[in-house]
file model_21.cif (mmCIF, C-alpha atoms and all ligand atoms)
data_data
#
loop_
_atom_site.group_PDB
_atom_site.id
_atom_site.type_symbol
_atom_site.label_atom_id
_atom_site.label_comp_id
_atom_site.auth_asym_id
_atom_site.auth_seq_id
_atom_site.Cartn_x
_atom_site.Cartn_y
_atom_site.Cartn_z
ATOM 1 C CA MET A 1 -19.074 7.242 6.935
ATOM 2 C CA ASN A 2 -17.435 5.707 3.893
ATOM 3 C CA LYS A 3 -18.697 2.710 2.032
ATOM 4 C CA ILE A 4 -17.684 -0.692 3.384
ATOM 5 C CA TRP A 5 -16.499 -2.904 0.567
ATOM 6 C CA SER A 6 -17.384 -6.588 0.362
ATOM 7 C CA LEU A 7 -15.318 -9.159 -1.496
ATOM 8 C CA GLU A 8 -18.023 -9.062 -4.182
ATOM 9 C CA ASP A 9 -17.639 -5.296 -4.589
ATOM 10 C CA VAL A 10 -13.898 -5.696 -5.073
ATOM 11 C CA LYS A 11 -14.359 -8.506 -7.590
ATOM 12 C CA LYS A 12 -16.952 -6.511 -9.469
ATOM 13 C CA LEU A 13 -14.648 -3.534 -9.916
ATOM 14 C CA LEU A 14 -11.784 -5.796 -11.027
ATOM 15 C CA THR A 15 -14.002 -7.725 -13.438
ATOM 16 C CA GLU A 16 -15.507 -4.601 -14.977
ATOM 17 C CA THR A 17 -12.093 -3.018 -15.376
ATOM 18 C CA GLY A 18 -10.698 -6.186 -16.944
ATOM 19 C CA LYS A 19 -13.520 -6.258 -19.475
ATOM 20 C CA LYS A 20 -13.146 -2.590 -20.287
ATOM 21 C CA GLU A 21 -9.415 -2.991 -20.870
ATOM 22 C CA GLY A 22 -9.862 -6.190 -22.866
ATOM 23 C CA PHE A 23 -7.805 -8.040 -20.273
ATOM 24 C CA PRO A 24 -10.148 -10.124 -18.120
ATOM 25 C CA CYS A 25 -9.138 -11.032 -14.582
ATOM 26 C CA GLU A 26 -12.192 -12.797 -13.170
ATOM 27 C CA GLU A 27 -10.216 -16.060 -13.007
ATOM 28 C CA VAL A 28 -7.709 -14.518 -10.620
ATOM 29 C CA PRO A 29 -8.565 -15.214 -6.964
ATOM 30 C CA VAL A 30 -9.177 -12.208 -4.735
ATOM 31 C CA VAL A 31 -8.266 -12.512 -1.075
ATOM 32 C CA ILE A 32 -9.079 -10.104 1.737
ATOM 33 C CA SER A 33 -6.445 -10.280 4.418
ATOM 34 C CA THR A 34 -6.742 -9.184 8.030
ATOM 35 C CA LYS A 35 -2.956 -9.518 8.382
ATOM 36 C CA MET A 36 -1.981 -6.813 5.930
ATOM 37 C CA GLU A 37 -1.453 -3.600 7.852
ATOM 38 C CA LYS A 38 0.986 -1.410 5.996
ATOM 39 C CA THR A 39 0.307 -2.739 2.525
ATOM 40 C CA MET A 40 -3.226 -2.118 1.395
ATOM 41 C CA GLY A 41 -3.122 -4.126 -1.790
ATOM 42 C CA SER A 42 -0.888 -6.485 -3.698
ATOM 43 C CA PHE A 43 -0.847 -8.624 -6.784
ATOM 44 C CA TYR A 44 0.944 -11.971 -6.782
ATOM 45 C CA PHE A 45 2.136 -13.876 -9.786
ATOM 46 C CA ARG A 46 4.255 -16.964 -10.281
ATOM 47 C CA MET A 47 6.422 -18.486 -12.968
ATOM 48 C CA ARG A 48 5.221 -21.729 -14.427
ATOM 49 C CA GLY A 49 6.941 -23.452 -17.357
ATOM 50 C CA GLY A 50 8.721 -20.214 -18.180
ATOM 51 C CA LYS A 51 5.445 -18.331 -18.293
ATOM 52 C CA MET A 52 4.291 -15.678 -15.867
ATOM 53 C CA GLU A 53 0.893 -16.520 -14.416
ATOM 54 C CA PRO A 54 -1.401 -14.558 -12.150
ATOM 55 C CA HIS A 55 -1.759 -15.998 -8.665
ATOM 56 C CA SER A 56 -3.981 -13.667 -6.663
ATOM 57 C CA PHE A 57 -4.983 -10.181 -5.698
ATOM 58 C CA ARG A 58 -4.840 -9.419 -1.990
ATOM 59 C CA PHE A 59 -6.344 -6.470 -0.208
ATOM 60 C CA SER A 60 -6.144 -5.455 3.405
ATOM 61 C CA ALA A 61 -9.388 -5.705 5.373
ATOM 62 C CA LYS A 62 -8.390 -2.290 6.700
ATOM 63 C CA LEU A 63 -8.623 -0.809 3.218
ATOM 64 C CA LEU A 64 -12.217 -1.982 2.846
ATOM 65 C CA ASP A 65 -13.681 -1.374 6.297
ATOM 66 C CA GLY A 66 -14.884 2.177 5.723
ATOM 67 C CA THR A 67 -11.722 3.917 6.937
ATOM 68 C CA TYR A 68 -10.966 5.217 3.471
ATOM 69 C CA SER A 69 -13.023 7.082 0.902
ATOM 70 C CA GLY A 70 -14.396 5.160 -2.051
ATOM 71 C CA GLU A 71 -12.065 7.035 -4.325
ATOM 72 C CA ILE A 72 -8.970 5.853 -2.464
ATOM 73 C CA VAL A 73 -10.214 2.265 -2.327
ATOM 74 C CA GLU A 74 -10.814 2.311 -6.073
ATOM 75 C CA GLN A 75 -7.369 3.737 -6.733
ATOM 76 C CA VAL A 76 -5.730 0.971 -4.733
ATOM 77 C CA ILE A 77 -7.749 -1.777 -6.422
ATOM 78 C CA LEU A 78 -7.051 -0.381 -9.880
ATOM 79 C CA HIS A 79 -3.367 0.075 -9.024
ATOM 80 C CA GLU A 80 -3.183 -3.677 -8.404
ATOM 81 C CA PHE A 81 -5.136 -4.333 -11.577
ATOM 82 C CA VAL A 82 -2.483 -2.412 -13.504
ATOM 83 C CA HIS A 83 0.262 -4.629 -12.022
ATOM 84 C CA PHE A 84 -1.681 -7.644 -13.261
ATOM 85 C CA TYR A 85 -2.399 -6.099 -16.638
ATOM 86 C CA VAL A 86 1.065 -4.877 -17.659
ATOM 87 C CA ASN A 87 2.959 -7.815 -16.149
ATOM 88 C CA MET A 88 0.798 -10.481 -17.746
ATOM 89 C CA ARG A 89 0.512 -8.659 -21.064
ATOM 90 C CA ASP A 90 4.262 -8.174 -21.420
ATOM 91 C CA GLN A 91 5.380 -11.197 -19.375
ATOM 92 C CA VAL A 92 7.733 -8.887 -17.549
ATOM 93 C CA ASN A 93 7.623 -7.628 -13.980
ATOM 94 C CA HIS A 94 7.301 -3.925 -14.590
ATOM 95 C CA HIS A 95 7.205 -3.005 -10.879
ATOM 96 C CA HIS A 96 6.438 0.733 -10.913
ATOM 97 C CA ASP A 97 8.309 1.628 -14.084
ATOM 98 C CA ALA A 98 7.311 3.998 -16.892
ATOM 99 C CA VAL A 99 5.146 1.355 -18.585
ATOM 100 C CA PHE A 100 3.275 0.790 -15.339
ATOM 101 C CA LYS A 101 2.756 4.504 -14.789
ATOM 102 C CA GLU A 102 1.584 5.060 -18.333
ATOM 103 C CA ALA A 103 -1.027 2.309 -17.889
ATOM 104 C CA CYS A 104 -2.180 3.911 -14.621
ATOM 105 C CA ARG A 105 -2.717 7.211 -16.358
ATOM 106 C CA SER A 106 -4.570 5.666 -19.265
ATOM 107 C CA LEU A 107 -6.872 3.987 -16.750
ATOM 108 C CA GLY A 108 -7.470 7.364 -15.186
ATOM 109 C CA ILE A 109 -5.795 6.651 -11.864
ATOM 110 C CA SER A 110 -2.903 8.289 -10.117
ATOM 111 C CA ASP A 111 0.532 6.865 -10.850
ATOM 112 C CA HIS A 112 1.454 7.110 -7.173
ATOM 113 C CA THR A 113 3.419 4.039 -6.323
ATOM 114 C CA TYR A 114 2.734 3.368 -2.685
ATOM 115 C CA PHE A 115 -0.248 3.402 -0.462
ATOM 116 C CA LYS A 116 1.809 5.370 2.041
ATOM 117 C CA GLU A 117 1.088 8.378 -0.101
ATOM 118 C CA PHE A 118 -2.618 7.819 0.345
ATOM 119 C CA VAL A 119 -2.333 7.300 4.081
ATOM 120 C CA ALA A 120 -1.032 10.840 4.196
ATOM 121 C CA LEU A 121 -4.541 11.985 3.332
ATOM 122 C CA SER A 122 -5.670 11.103 6.840
ATOM 123 C CA PRO A 123 -2.611 11.738 8.973
ATOM 124 C CA LYS A 124 -2.647 10.972 12.661
ATOM 125 C CA LYS A 125 -0.703 12.236 15.606
ATOM 126 C CA GLY A 126 2.441 10.443 16.616
ATOM 127 C CA TYR A 127 6.000 10.949 17.788
ATOM 128 C CA LEU A 128 9.247 11.306 15.947
ATOM 129 C CA LEU A 129 12.340 9.957 17.656
ATOM 130 C CA LEU A 130 15.366 12.142 17.109
ATOM 131 C CA CYS A 131 18.985 11.818 18.022
ATOM 132 C CA ALA A 132 19.631 14.551 20.586
ATOM 133 C CA SER A 133 23.227 14.940 19.389
ATOM 134 C CA CYS A 134 22.877 15.278 15.626
ATOM 135 C CA GLY A 135 19.150 15.794 15.232
ATOM 136 C CA LYS A 136 18.642 12.935 12.796
ATOM 137 C CA THR A 137 15.203 11.307 12.746
ATOM 138 C CA ILE A 138 15.701 7.718 13.800
ATOM 139 C CA GLY A 139 12.171 6.455 14.081
ATOM 140 C CA ARG A 140 8.522 7.193 14.536
ATOM 141 C CA ARG A 141 5.933 5.724 16.861
ATOM 142 C CA ARG A 142 2.245 6.157 17.460
ATOM 143 C CA ARG A 143 2.045 5.254 21.105
ATOM 144 C CA ALA A 144 3.266 7.416 23.939
ATOM 145 C CA ASP A 145 4.177 4.501 26.210
ATOM 146 C CA ALA A 146 6.346 2.947 23.484
ATOM 147 C CA VAL A 147 8.114 6.277 23.091
ATOM 148 C CA LYS A 148 8.729 6.664 26.814
ATOM 149 C CA SER A 149 10.256 3.238 27.068
ATOM 150 C CA ILE A 150 12.555 3.868 24.088
ATOM 151 C CA VAL A 151 13.761 7.168 25.531
ATOM 152 C CA ARG A 152 14.440 5.496 28.857
ATOM 153 C CA THR A 153 16.243 2.420 27.595
ATOM 154 C CA LYS A 154 17.819 3.141 24.204
ATOM 155 C CA VAL A 155 20.510 5.340 22.673
ATOM 156 C CA SER A 156 20.733 6.540 19.068
ATOM 157 C CA SER A 157 22.683 4.281 16.746
ATOM 158 C CA CYS A 158 24.258 7.246 14.942
ATOM 159 C CA CYS A 159 25.866 9.021 17.923
ATOM 160 C CA HIS A 160 25.075 6.683 20.787
ATOM 161 C CA GLY A 161 23.441 9.717 22.262
ATOM 162 C CA LYS A 162 20.200 10.422 24.007
ATOM 163 C CA ILE A 163 16.959 10.147 22.090
ATOM 164 C CA LYS A 164 14.516 13.004 22.148
ATOM 165 C CA ILE A 165 10.941 13.058 20.983
ATOM 166 C CA LYS A 166 8.899 15.463 18.951
ATOM 167 C CA GLU A 167 5.171 15.356 18.372
ATOM 168 C CA ALA A 168 4.269 15.178 14.711
ATOM 169 C CA VAL A 169 1.469 14.331 12.351
ATOM 170 C CA PHE A 170 2.217 11.624 9.780
HETATM 171 ZN ZN ZN A 201 2.286 -1.127 -6.842
HETATM 172 ZN ZN ZN A 202 23.079 11.227 15.916
#
call {"tool": "encode", "arguments": {"input": "model_21.cif", "output": "structure tokens", "more": "lines below"}}
Ligand SMILES: [Zn+2]
Ligand SMILES: [Zn+2]
result
Amino acid sequence: MNKIWSLEDVKKLLTETGKKEGFPCEEVPVVISTKMEKTMGSFYFRMRGGKMEPHSFRFSAKLLDGTYSGEIVEQVILHEFVHFYVNMRDQVNHHHDAVFKEACRSLGISDHTYFKEFVALSPKKGYLLLCASCGKTIGRRRRADAVKSIVRTKVSSCCHGKIKIKEAVF
């Protein structure tokens, strides 16, 4: 079983990292959201009087509930720290550009840009939906009943053909 992270644990890691980097972030609110499902972490900022200001860090409750290894959780938290750090330092939204990636590497974390890549570490079974005419992948679903209903009621948008399914791990 992996560690379950509390809000305090998350704040502690952010605060320590901010101190180490000489760019404190303990004033920035940290929110744990039960509504975030696909996105595991995000950093919000806003413009005020022409200046970019931090608004909040948000992390998915799912990220912290013991599903993921401590290493992955740390990577996600530090990834968001880097957004805060480079954007506030330069007053520019760097997104996932070269400056962002460089800062990730200097912090010792992966410069992967999306959590999706981490999800791949614990893939689960699901179904790919393919167009039976041209073979193009047109969707993916986890649940068998959802897949059955799609196959019964829908046609592919590419060829208006039948939809076939293929089991896959993703
Ligand atoms: Zn990012
Ligand atoms: Zn097609």
call {"tool": "resolve_selection", "arguments": {"input": "model_21.cif", "expression": "the PyMOL selection byres (((chain A and resi 3) around 7) and not hetatm)", "output": "NGL selection string"}}
result
:A and (1-2 or 4-5 or 66 or 70)
call {"tool": "closest_atom_pairs", "arguments": {"input": "model_21.cif", "of": "chain A", "to": "ligand ZN 202 (chain A)", "cutoff": "10 Å", "atoms": "all atoms listed in the file", "output": "Markdown table"}}
result
| residue | atom | partner | partner_atom | distance |
| --- | --- | --- | --- | --- |
| A:Leu130 | CA | A:ZN202 | ZN | 7.9 |
| A:Cys131 | CA | A:ZN202 | ZN | 4.6 |
| A:Ala132 | CA | A:ZN202 | ZN | 6.7 |
| A:Ser133 | CA | A:ZN202 | ZN | 5.1 |
| A:Cys134 | CA | A:ZN202 | ZN | 4.1 |
| A:Gly135 | CA | A:ZN202 | ZN | 6.1 |
| A:Lys136 | CA | A:ZN202 | ZN | 5.7 |
| A:Thr137 | CA | A:ZN202 | ZN | 8.5 |
| A:Ile138 | CA | A:ZN202 | ZN | 8.4 |
| A:Val155 | CA | A:ZN202 | ZN | 9.3 |
| A:Ser156 | CA | A:ZN202 | ZN | 6.1 |
| A:Ser157 | CA | A:ZN202 | ZN | 7.0 |
| A:Cys158 | CA | A:ZN202 | ZN | 4.3 |
| A:Cys159 | CA | A:ZN202 | ZN | 4.1 |
| A:His160 | CA | A:ZN202 | ZN | 7.0 |
| A:Gly161 | CA | A:ZN202 | ZN | 6.5 |
| A:Lys162 | CA | A:ZN202 | ZN | 8.6 |
| A:Ile163 | CA | A:ZN202 | ZN | 8.8 |
call {"tool": "closest_atom_pairs", "arguments": {"input": "model_21.cif", "of": "chain A", "to": "ligand ZN 201 (chain A)", "cutoff": "9 Å", "atoms": "only C-alpha atoms and all ligand atoms", "output": "tab-separated table"}}
result
residue	atom	partner	partner_atom	distance
A:Gly41	CA	A:ZN201	ZN	8.0
A:Ser42	CA	A:ZN201	ZN	7.0
A:Phe43	CA	A:ZN201	ZN	8.1
A:Val76	CA	A:ZN201	ZN	8.6
A:His79	CA	A:ZN201	ZN	6.2
A:Glu80	CA	A:ZN201	ZN	6.2
A:Val82	CA	A:ZN201	ZN	8.3
A:His83	CA	A:ZN201	ZN	6.6
A:His95	CA	A:ZN201	ZN	6.6
A:His96	CA	A:ZN201	ZN	6.1
A:Phe100	CA	A:ZN201	ZN	8.8
A:His112	CA	A:ZN201	ZN	8.3
A:Thr113	CA	A:ZN201	ZN	5.3
A:Tyr114	CA	A:ZN201	ZN	6.1
A:Phe115	CA	A:ZN201	ZN	8.2
call {"tool": "resolve_selection", "arguments": {"input": "model_21.cif", "expression": "the PyMOL selection byres (((chain A and resi 150) around 12) and not hetatm)", "output": "number ranges by chain"}}
result
A: 127-131, 138-141, 143-149, 151-156, 162-165
call {"tool": "residues_around", "arguments": {"input": "model_21.cif", "residues": "Lys124 in chain A", "least_positions_apart": "3", "cutoff": "9 Å", "atoms": "all atoms listed in the file", "output": "JSON, numbers by chain"}}
result
{"A": [120, 142, 168, 169, 170]}
call {"tool": "atom_distance", "arguments": {"input": "model_21.cif", "atom1": "CA of Ser60 in chain A", "atom2": "CA of Val31 in chain A"}}
result
8.6 Å
call {"tool": "atom_distance", "arguments": {"input": "model_21.cif", "atom1": "CA of Asn87 in chain A", "atom2": "CA of Tyr44 in chain A"}}
result
10.4 Å
call {"tool": "closest_residue", "arguments": {"input": "model_21.cif", "among": "A:Pro54, A:Val86, A:Gly126, A:Thr39", "to": "Leu107 in chain A", "atoms": "all atoms listed in the file"}}
result
A:Val86
call {"tool": "resolve_selection", "arguments": {"input": "model_21.cif", "expression": "the PyMOL selection byres (((chain A and resi 37) around 10) and not hetatm)", "output": "list of chain:residue names"}}
result
A:Ser33, A:Thr34, A:Lys35, A:Met36, A:Lys38, A:Thr39, A:Met40, A:Gly41, A:Phe59, A:Ser60, A:Ala61, A:Lys62, A:Leu63
call {"tool": "axis_aligned_box", "arguments": {"input": "model_21.cif", "around": "range 151-160 of chain A", "padding_each_side": "4 Å", "output": "AutoDock Vina command-line options"}}
result
--center_x 19.8 --center_y 5.7 --center_z 21.9 --size_x 20.1 --size_y 14.6 --size_z 21.9
call {"tool": "closest_residue", "arguments": {"input": "model_21.cif", "among": "A:Cys25, A:Ala98, A:Leu14, A:Met47", "to": "Gln75 in chain A", "atoms": "only C-alpha atoms"}}
result
A:Leu14
call {"tool": "closest_residue", "arguments": {"input": "model_21.cif", "among": "A:Phe57, A:Lys166, A:Glu74, A:Leu64", "to": "Gly108 in chain A", "atoms": "all atoms listed in the file"}}
result
A:Glu74
call {"tool": "closest_residue", "arguments": {"input": "model_21.cif", "among": "A:Tyr85, A:Ser56, A:Arg105, A:Arg48", "to": "Lys19 in chain A", "atoms": "all atoms listed in the file"}}
result
A:Tyr85
call {"tool": "closest_residue", "arguments": {"input": "model_21.cif", "among": "A:Val99, A:Asp111, A:Leu78, A:Val92", "to": "Arg46 in chain A", "atoms": "only C-alpha atoms"}}
result
A:Val92
call {"tool": "atom_distance", "arguments": {"input": "model_21.cif", "atom1": "CA of Val10 in chain A", "atom2": "CA of His94 in chain A"}}
result
23.3 Å
call {"tool": "closest_residue", "arguments": {"input": "model_21.cif", "among": "A:Ile77, A:Met88, A:Cys104, A:Leu7", "to": "Phe23 in chain A", "atoms": "only C-alpha atoms"}}
result
A:Met88
